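*Asks:* The following block contains the structure, expressed as structure tokens.
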Amino acid sequence: MQPVLNVEDVRKVEQDLTLEGVSLAELMRRAGHAVAQEVLDLGNLGPVVVLCGTGNNGGDGWVAAELMAKAGAQVEVMTPVEPESLKSPLALMVAQSAVNAGVPFFVAPSRDELDAHLAQAAVVVDALLGTGFHGEPAAPFDIWIDAVNASGAHVVAVDVPSGLSAQTGHAPGGAVFADTTVTMICLKPGLLSGRGRDVCGAIVLAPLAEQAERLVVEADPVAWRCDTADYLETLREPTADVDKYSRGSVLVVGGSTRFPGAAVMAAMAAARSGAGYVTLVVPDRIATVCRTHLLEIPVVGLPTNEEGMFSAGARTEIVKMAEQRSCVLCGPGMGVCADTVSVVSSLLECDVPLVLDADALNALSRMTTNRLDNFPELIRREAPLVLTPHRRELGRLVGQPGEPPSSLTAALEAARRIVWADGGSDICVVAKGESTGCVGVEIALLPKPGPACLATAGSGDVLGGIMAALLARGVVENDVLPLVCAFACEVHGFAANLAAEAHGSRGVMASDLIGNLGLALDAMEEQVSLAVAGVSPEEGE
Ligand SMILES: NC(=O)C1=CN([C@@H]2O[C@H](COP(=O)(O)OP(=O)(O)OC[C@H]3O[C@@H](n4cnc5c(N)ncnc54)[C@H](O)[C@@H]3O)[C@@H](O)[C@H]2O)[C@H](O)CC1
Ligand SMILES: [K+]
């Protein structure tokens with residue numbers, strides 16, 4: 001697992017390092033060295049243009065330029081101001097050193113001049129804006145960023161691609177598209193979320209100091225990015241000694257006359273994710289249509305109310321069935337009304353692992369007038385509870401109904417409000433988004449995000465089914481719960497990649513994921529075993 005620190009905490013680590021004897025100047029020297037090494041490792045490609053901003057990110061660029069020049073590369077620096085008028089004392093010092101070493105530089109080039117230099121460049125080092133960036137890039141950086149992206153050169157970004165917020169992943173004024181981002185000390189959330197997923201290219205971590213690893217952990221990471229090998233704990237010993245019940249029995253509770261398909265897909269996804277026995281319970285008015293789509297999965301119809309949802313009469317029977325299952329998934333397509341709200345509150349009282357998705361979450365919002373974090377007793381229970389809100393649902397759960405969390409870290413914070421209010425039960429909030437965080441009591445995990453084709457109606461219903469099937473396999477301890485949820489997210493993403501091979505990156509529908517879940521699970525398990533054995537997936541082929 002790799003720790004991810006908020007930008008303000010990275011600065012704190014920087015300060016801590018200085019207290020432990022590694023000066024900021026030394027950190028900048030090492031940062032520049034890491035960038036230079038990355039470029040030199042590309043081989044003898046031709047001219048290198050280093051774009052330096054006015055802060056310490058630019059300082060890293062000047063160091064890299066001097067080192068590359070000394071290593072024999074053909075290097076030139078572009079700077080918006082004369083090197084001697086840089087305001088950052090550190091950047092000033094390293095820029096002077098590079099100038100004294102004879103590194104050629106150009107001050108405030110026009111767009112045409114810049115384009116001409118970039119056209120010759122094999123590699124561009126982007127050291128314009130780093131963690132000190134906020135808002136939108138002001139002139140001339142907006143123009144320079146555009147020029148870099150138009151150049152076609154190989155781009156190595158220093159710490160963070162310029163224009164991208166390392167904290168939020170927002171890039172409202174555009175950002176450099178990097179092939180590689182050499183990031184200092186540790187990962188930052190903006191690199192892994194929002195536009196960061198598109199613009200960072202390969203992320204190379206430069207720890208800069210041997211103490212960094214310890215200090216980063218002490219700085220209380222906002223989340224941890226999962227490595228494939230981490231999922232070892234979620235795997236089950238393969239055994240032939242099973243029957244359909246021991247592989248896990250799942251009850252899916254959902255559907256309404258408006259949305260029968262969501263419940264059907266969730267049930268199929270649970271079955272394709274290894275649950276041995278899946279039952280779907282829906283309002284009886286849609287039971288027949290559900291049965292026509294489900295050959296293997298029994299469909300139980302219970303009384304329907306005037307709104308086409310479960311009526312109050314359904315509740316007792318649902319609870320009775322729930323208590324006989326190894327996991328329950330409630331919510332897909334269910335609709336929200338007083339009757340379905342009472343179904344959700346009754347299921348919360350059952351001693352069975354429970355996944356609440358979609359309208360079950362909206363029912364929770366309704367029960368708590370959008371402040372679930374103020375009603376922890378509602379979700380305090382013995383058995384595991386997984387909530388899988390997307391950002392709008394999450395906003396509705398924590399008192400921001402019209403204002404969903406706008407970044408990964410905001411979503412993590414909202415999820416934490418729920419988890420910490422609950423205070424110690426087996427709970428995980430899977431905050432879904434273009435990057436998803438699985439927030440448990442002790443830890444927040446970031447599974448590897450799936451492809452953009454997952455952003456399609458019904459995709460969440462499929463994820464709910466996967467989660468339920470994985471939880472149904474047996475006891476999941478509190479500390480492993482976020483890991484199981486993260487694994488489910490990666491299986492979901494893997495299935496989406498397989499589906500995209502068949503249907504194209506834009507053609508995938510949620511139902512296409514379902515048929516690929518079994519293969520995705522096998523492939524993920526194999527990758528985990530290989531990673532644990534230290535074999536790369538390519539070598540394992
Ligand atoms: N993390 C580490 O241990 C190390 C990081 N290093 C590098 O230092 C930068 C952070 O440096 P800082 O001086 O704080 O900020 P920047 O260089 O990113 O930018 C500050 C500079 O940019 C101006 N600015 C801010 N917003 C805008 C905008 N929207 N448009 C134009 N200009 C903007 C601001 O006014 C400043 O002048 C970090 O990323 C690393 O690369 C060190 O090398 C030490 C180790
Ligand atoms: K940069």
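Here's how to read the names in the structure tokens: chain A, B, ... by the order shown, residue numbers from 1 in each chain, ligand numbers from 1 in the order shown.
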Within 7 Å of ligand 1, which residues show up when you count only C-alpha atoms and all ligand atoms? List them as a tab-separated table (two decimals) with C-alpha atoms, in the first residue's frame, please.

*Replies:*
chain	number	residue	atom	x	y	z
A	10	VAL	CA	3.50	17.07	2.60
A	11	ARG	CA	4.72	20.53	3.60
A	14	GLU	CA	9.23	18.75	4.44
A	24	LEU	CA	15.17	22.29	1.97
A	27	LEU	CA	15.59	18.29	-0.80
A	28	MET	CA	15.53	20.49	-3.89
A	31	ALA	CA	14.24	16.46	-6.37
A	53	GLY	CA	8.26	28.70	-12.96
A	54	THR	CA	9.03	31.23	-10.28
A	55	GLY	CA	8.61	29.05	-7.17
A	56	ASN	CA	10.38	26.00	-5.84
A	57	ASN	CA	8.90	23.78	-8.52
A	58	GLY	CA	10.91	25.92	-10.92
A	59	GLY	CA	13.88	25.48	-8.58
A	60	ASP	CA	13.68	21.72	-9.05
A	88	SER	CA	12.10	32.17	-3.80
A	128	LEU	CA	6.21	25.60	-13.97
A	129	LEU	CA	3.80	25.06	-11.11
A	130	GLY	CA	3.89	22.54	-8.28
A	131	THR	CA	2.09	22.14	-4.99
A	132	GLY	CA	2.02	25.93	-4.52
A	133	PHE	CA	-0.38	26.30	-7.47
A	134	HIS	CA	-3.96	27.38	-6.87
A	135	GLY	CA	-6.81	28.67	-9.02
A	136	GLU	CA	-6.19	28.84	-12.75
A	137	PRO	CA	-2.76	29.28	-14.34
A	138	ALA	CA	-2.12	32.99	-14.91
A	139	ALA	CA	-0.22	34.35	-17.91
A	141	PHE	CA	1.76	29.88	-17.76
A	158	VAL	CA	8.05	17.82	-11.86
A	159	ASP	CA	5.99	16.87	-8.78
A	160	VAL	CA	2.64	17.54	-10.47
A	184	MET	CA	8.33	14.17	-4.49
A	185	ILE	CA	8.16	12.48	-1.08

*Asks:* Can you tell me, as a list in words, what residues are no more than 10 Å from Gly102 (chain A) when counting only C-alpha atoms, ignoring any on the same chain fewer than 3 positions away?

*Replies:*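 The residues that qualify are Glu66, Ala69, Lys70, Glu76, Gln96, Ser97, Ala98, Val99 and Phe105 of chain A.
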
*Asks:* Next, the residues of the selection above should be written as a compact mmCIF listing (two decimals), in the first residue's frame with C-alpha atoms.

*Replies:*
# COMPACT_ATOMS: atom_id res chain seq x y z
CA GLU A 66 22.22 21.80 -14.53
CA ALA A 69 23.80 19.55 -18.87
CA LYS A 70 26.68 18.21 -16.79
CA GLU A 76 17.93 24.92 -22.34
CA GLN A 96 22.27 31.14 -10.32
CA SER A 97 24.21 27.91 -10.03
CA ALA A 98 22.81 26.62 -13.33
CA VAL A 99 23.51 29.94 -15.06
CA PHE A 105 18.28 30.16 -20.75

*Asks:* Near region 315-317 of chain A, within 12 Å and counting only C-alpha atoms, which residues show up once chain neighbours fewer than 2 positions away are dropped, as number ranges by chain?

*Replies:* A: 253, 281-283, 300-304, 309-313, 319-324, 338-347, 350

*Asks:* Hey, what's within 8 Å of region 272-276 of chain A if we count only C-alpha atoms and toss same-chain stuff fewer than 3 positions away? As a list in words, please?

*Replies:* Asp243, Lys244, Tyr245, Ser246, Arg247, Gly248, Ser249, Val250, Met268, Ala269, Gly465, Ile466, Ala469, Leu470, Ala472, Arg473, Ile514, Gly515, Leu517, Gly518 and Leu521 of chain A

*Asks:* Check the DSSP output for the backbone and give back, as a PyMOL selection string, the residues of region 341-474 of chain A in strand (DSSP E or B).

*Replies:* chain A and resi 354-356+371+385-387+390+398+427-432+437-439+444-446

*Asks:* Write to file, as a PDB file, in the first residue's frame, the residues of the selection just made, with N, CA and C atoms.

*Replies:*
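This went into selection-v1.pdb:
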ATOM      1  N   LEU A 354     -24.696  -6.503   5.513  1.00  0.00           N
ATOM      2  CA  LEU A 354     -25.671  -5.743   4.720  1.00  0.00           C
ATOM      3  C   LEU A 354     -24.948  -4.734   3.829  1.00  0.00           C
ATOM      4  N   VAL A 355     -25.332  -4.733   2.554  1.00  0.00           N
ATOM      5  CA  VAL A 355     -24.830  -3.708   1.628  1.00  0.00           C
ATOM      6  C   VAL A 355     -26.011  -2.816   1.260  1.00  0.00           C
ATOM      7  N   LEU A 356     -25.902  -1.528   1.526  1.00  0.00           N
ATOM      8  CA  LEU A 356     -26.968  -0.586   1.162  1.00  0.00           C
ATOM      9  C   LEU A 356     -26.493   0.268   0.002  1.00  0.00           C
ATOM     10  N   ARG A 371     -28.914  13.826   7.431  1.00  0.00           N
ATOM     11  CA  ARG A 371     -27.805  13.914   8.382  1.00  0.00           C
ATOM     12  C   ARG A 371     -27.565  12.561   9.049  1.00  0.00           C
ATOM     13  N   LEU A 385     -21.531  -3.614   7.736  1.00  0.00           N
ATOM     14  CA  LEU A 385     -22.407  -2.749   6.952  1.00  0.00           C
ATOM     15  C   LEU A 385     -21.563  -2.024   5.908  1.00  0.00           C
ATOM     16  N   VAL A 386     -21.974  -2.113   4.661  1.00  0.00           N
ATOM     17  CA  VAL A 386     -21.284  -1.393   3.592  1.00  0.00           C
ATOM     18  C   VAL A 386     -22.279  -0.445   2.933  1.00  0.00           C
ATOM     19  N   LEU A 387     -21.915   0.818   2.860  1.00  0.00           N
ATOM     20  CA  LEU A 387     -22.720   1.812   2.148  1.00  0.00           C
ATOM     21  C   LEU A 387     -21.964   2.181   0.878  1.00  0.00           C
ATOM     22  N   HIS A 390     -22.670   7.107  -4.457  1.00  0.00           N
ATOM     23  CA  HIS A 390     -21.909   7.973  -5.354  1.00  0.00           C
ATOM     24  C   HIS A 390     -21.936   9.376  -4.738  1.00  0.00           C
ATOM     25  N   VAL A 398     -24.800  13.479   4.236  1.00  0.00           N
ATOM     26  CA  VAL A 398     -24.048  14.266   5.229  1.00  0.00           C
ATOM     27  C   VAL A 398     -24.416  15.744   5.226  1.00  0.00           C
ATOM     28  N   ILE A 427     -18.029  -1.072   9.666  1.00  0.00           N
ATOM     29  CA  ILE A 427     -18.689  -0.270   8.633  1.00  0.00           C
ATOM     30  C   ILE A 427     -17.669   0.193   7.607  1.00  0.00           C
ATOM     31  N   CYS A 428     -18.082   0.224   6.365  1.00  0.00           N
ATOM     32  CA  CYS A 428     -17.239   0.788   5.313  1.00  0.00           C
ATOM     33  C   CYS A 428     -18.124   1.608   4.394  1.00  0.00           C
ATOM     34  N   VAL A 429     -17.713   2.836   4.143  1.00  0.00           N
ATOM     35  CA  VAL A 429     -18.414   3.665   3.160  1.00  0.00           C
ATOM     36  C   VAL A 429     -17.574   3.667   1.884  1.00  0.00           C
ATOM     37  N   VAL A 430     -18.161   3.141   0.823  1.00  0.00           N
ATOM     38  CA  VAL A 430     -17.480   3.115  -0.465  1.00  0.00           C
ATOM     39  C   VAL A 430     -17.925   4.368  -1.219  1.00  0.00           C
ATOM     40  N   ALA A 431     -17.083   5.390  -1.165  1.00  0.00           N
ATOM     41  CA  ALA A 431     -17.418   6.679  -1.785  1.00  0.00           C
ATOM     42  C   ALA A 431     -17.057   6.586  -3.264  1.00  0.00           C
ATOM     43  N   LYS A 432     -18.084   6.367  -4.107  1.00  0.00           N
ATOM     44  CA  LYS A 432     -17.840   6.081  -5.519  1.00  0.00           C
ATOM     45  C   LYS A 432     -17.653   7.381  -6.308  1.00  0.00           C
ATOM     46  N   GLY A 437     -13.029   5.829  -2.982  1.00  0.00           N
ATOM     47  CA  GLY A 437     -12.360   5.586  -1.709  1.00  0.00           C
ATOM     48  C   GLY A 437     -13.198   4.651  -0.850  1.00  0.00           C
ATOM     49  N   CYS A 438     -12.552   3.660  -0.262  1.00  0.00           N
ATOM     50  CA  CYS A 438     -13.252   2.722   0.631  1.00  0.00           C
ATOM     51  C   CYS A 438     -12.850   3.095   2.052  1.00  0.00           C
ATOM     52  N   VAL A 439     -13.759   3.738   2.757  1.00  0.00           N
ATOM     53  CA  VAL A 439     -13.412   4.345   4.040  1.00  0.00           C
ATOM     54  C   VAL A 439     -13.926   3.484   5.188  1.00  0.00           C
ATOM     55  N   ALA A 444      -8.563   4.423   5.050  1.00  0.00           N
ATOM     56  CA  ALA A 444      -9.274   4.680   3.789  1.00  0.00           C
ATOM     57  C   ALA A 444      -8.409   4.150   2.661  1.00  0.00           C
ATOM     58  N   LEU A 445      -8.975   3.305   1.827  1.00  0.00           N
ATOM     59  CA  LEU A 445      -8.208   2.683   0.757  1.00  0.00           C
ATOM     60  C   LEU A 445      -8.653   3.203  -0.600  1.00  0.00           C
ATOM     61  N   LEU A 446      -7.692   3.325  -1.512  1.00  0.00           N
ATOM     62  CA  LEU A 446      -7.999   3.724  -2.878  1.00  0.00           C
ATOM     63  C   LEU A 446      -7.687   2.556  -3.799  1.00  0.00           C
TER      64      LEU A 446
END

*Asks:* Enumerate as number ranges by chain all residues of region 170-376 of chain A assigned to helix (DSSP H, G or I) by DSSP on the backbone, naming them with the chain letters and numbers the document uses.

*Replies:* A: 189-192, 196-199, 212-218, 228-234, 260-272, 284-293, 312-322, 338-348, 358-367, 372-374, 376

*Asks:* Need to verify the contact set: Ala121 (chain A), 7 Å, only C-alpha atoms, exclusion of same-chain residues closer than 4 positions in sequence. Can you return it as number ranges by chain?

*Replies:* A: 46-49, 117, 153

*Asks:* Quick one: of A:Gln74, A:Asn6, A:Thr234, A:Ser151, who's nearest to Cys186 (chain A), counting only C-alpha atoms?

*Replies:*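 Looking at the shortest contact to Cys186 (chain A), the residue is A:Asn6.
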
*Asks:* Return the single residue from A:Ala150, A:Ala171, A:Ala25, A:Val182 that is closest to ligand 2, with distances computed using only C-alpha atoms and all ligand atoms.

*Replies:* A:Val182

*Asks:* Restricting the calculation to only C-alpha atoms: of A:Ala206, A:Ile379, A:Ala147, A:Cys330, which residue gets closest to Asp422 (chain A)?

*Replies:*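 Ranked by minimum distance to Asp422 (chain A), first place goes to A:Ile379.
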
*Asks:* CA of His492 (chain A) and CA of Asp426 (chain A), how far apart in Å?

*Replies:*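 Computing it gives 22.5 Å between the two atoms.
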
*Asks:* Nearest residue to Trp224 (chain A) out of A:Val124, A:Leu361, A:Cys489, A:Leu192, using only C-alpha atoms?

*Replies:*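 Of the candidates, the smallest distance to Trp224 (chain A) is held by A:Leu192.
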
*Asks:* Near region 402-411 of chain A, within 7 Å and counting only C-alpha atoms, which residues show up once chain neighbours fewer than 2 positions away are dropped, as a ChimeraX atom specification?

*Replies:* /A:168,189,193,391-392,394-395,400,413-415,431,435

*Asks:* Which is closest to ligand 2 among A:Val535, A:Val199, A:Ala223, A:Ala95, if we use only C-alpha atoms and all ligand atoms?

*Replies:*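 Closest residue, counting only C-alpha atoms and all ligand atoms: A:Val199.
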
*Asks:* Can you list, as a list in words, every protein, DNA or RNA residue that comes within 12 Å of Leu42 (chain A) when you count only C-alpha atoms, leaving out same-chain residues fewer than 2 positions away?

*Replies:*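 Selected residues are Val35, Ala36, Gln37, Glu38, Val39, Leu40, Asn44, Leu45, Gly46, Val48, Ala73, Ala122, Val123, His154, Val155, Val156, Asp179 and Thr180 of chain A.
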
*Asks:* Next, the residues of the selection above should be written as a short mmCIF file (atom, residue, chain, number, x, y, z; two decimals), in the first residue's frame with N, CA, C and O atoms.

*Replies:*
data_model
loop_
_atom_site.label_atom_id
_atom_site.label_comp_id
_atom_site.auth_asym_id
_atom_site.auth_seq_id
_atom_site.Cartn_x
_atom_site.Cartn_y
_atom_site.Cartn_z
N VAL A 35 14.51 14.05 -11.14
CA VAL A 35 13.93 14.41 -12.45
C VAL A 35 14.97 14.21 -13.55
O VAL A 35 14.68 13.62 -14.60
N ALA A 36 16.20 14.69 -13.30
CA ALA A 36 17.26 14.55 -14.30
C ALA A 36 17.47 13.07 -14.62
O ALA A 36 17.60 12.69 -15.80
N GLN A 37 17.50 12.26 -13.59
CA GLN A 37 17.72 10.82 -13.80
C GLN A 37 16.62 10.22 -14.66
O GLN A 37 16.86 9.42 -15.57
N GLU A 38 15.40 10.63 -14.39
CA GLU A 38 14.25 10.12 -15.16
C GLU A 38 14.41 10.46 -16.65
O GLU A 38 14.15 9.63 -17.51
N VAL A 39 14.85 11.69 -16.91
CA VAL A 39 15.01 12.11 -18.32
C VAL A 39 16.20 11.38 -18.94
O VAL A 39 16.10 10.85 -20.06
N LEU A 40 17.31 11.32 -18.21
CA LEU A 40 18.51 10.68 -18.78
C LEU A 40 18.24 9.20 -19.05
O LEU A 40 18.74 8.64 -20.03
N ASN A 44 19.48 8.79 -25.11
CA ASN A 44 19.98 9.99 -25.76
C ASN A 44 19.00 10.45 -26.84
O ASN A 44 19.14 10.16 -28.02
N LEU A 45 17.99 11.21 -26.40
CA LEU A 45 16.89 11.50 -27.29
C LEU A 45 17.04 12.79 -28.07
O LEU A 45 16.35 13.01 -29.06
N GLY A 46 17.90 13.67 -27.62
CA GLY A 46 18.01 14.97 -28.28
C GLY A 46 17.75 16.10 -27.29
O GLY A 46 17.79 15.88 -26.08
N VAL A 48 16.64 18.89 -24.69
CA VAL A 48 15.70 18.91 -23.56
C VAL A 48 15.38 20.36 -23.24
O VAL A 48 16.30 21.17 -23.04
N ALA A 73 23.76 16.26 -21.74
CA ALA A 73 22.54 16.47 -22.53
C ALA A 73 22.51 17.91 -23.07
O ALA A 73 23.13 18.81 -22.48
N ALA A 122 13.12 17.03 -27.77
CA ALA A 122 12.70 15.63 -27.66
C ALA A 122 11.97 15.44 -26.34
O ALA A 122 11.02 14.67 -26.24
N VAL A 123 12.45 16.15 -25.33
CA VAL A 123 11.84 16.03 -24.00
C VAL A 123 11.59 17.43 -23.44
O VAL A 123 12.43 18.31 -23.58
N HIS A 154 7.96 14.49 -25.57
CA HIS A 154 7.78 13.65 -24.39
C HIS A 154 7.86 14.57 -23.16
O HIS A 154 8.80 15.34 -23.03
N VAL A 155 6.88 14.50 -22.28
CA VAL A 155 6.83 15.46 -21.17
C VAL A 155 7.06 14.76 -19.84
O VAL A 155 6.38 13.78 -19.51
N VAL A 156 8.03 15.27 -19.09
CA VAL A 156 8.25 14.81 -17.72
C VAL A 156 7.86 15.96 -16.79
O VAL A 156 8.45 17.04 -16.84
N ASP A 179 3.82 12.62 -19.80
CA ASP A 179 4.02 11.17 -20.00
C ASP A 179 4.42 10.54 -18.68
O ASP A 179 4.06 9.40 -18.39
N THR A 180 5.21 11.31 -17.92
CA THR A 180 5.65 10.83 -16.61
C THR A 180 5.57 11.99 -15.63
O THR A 180 5.90 13.12 -15.99
#

*Asks:* Given only C-alpha atoms as the basis, pick out the residue of A:Val7, A:Ala262, A:Leu191, A:Val22 nearest to Ile286 (chain A).

*Replies:* A:Ala262
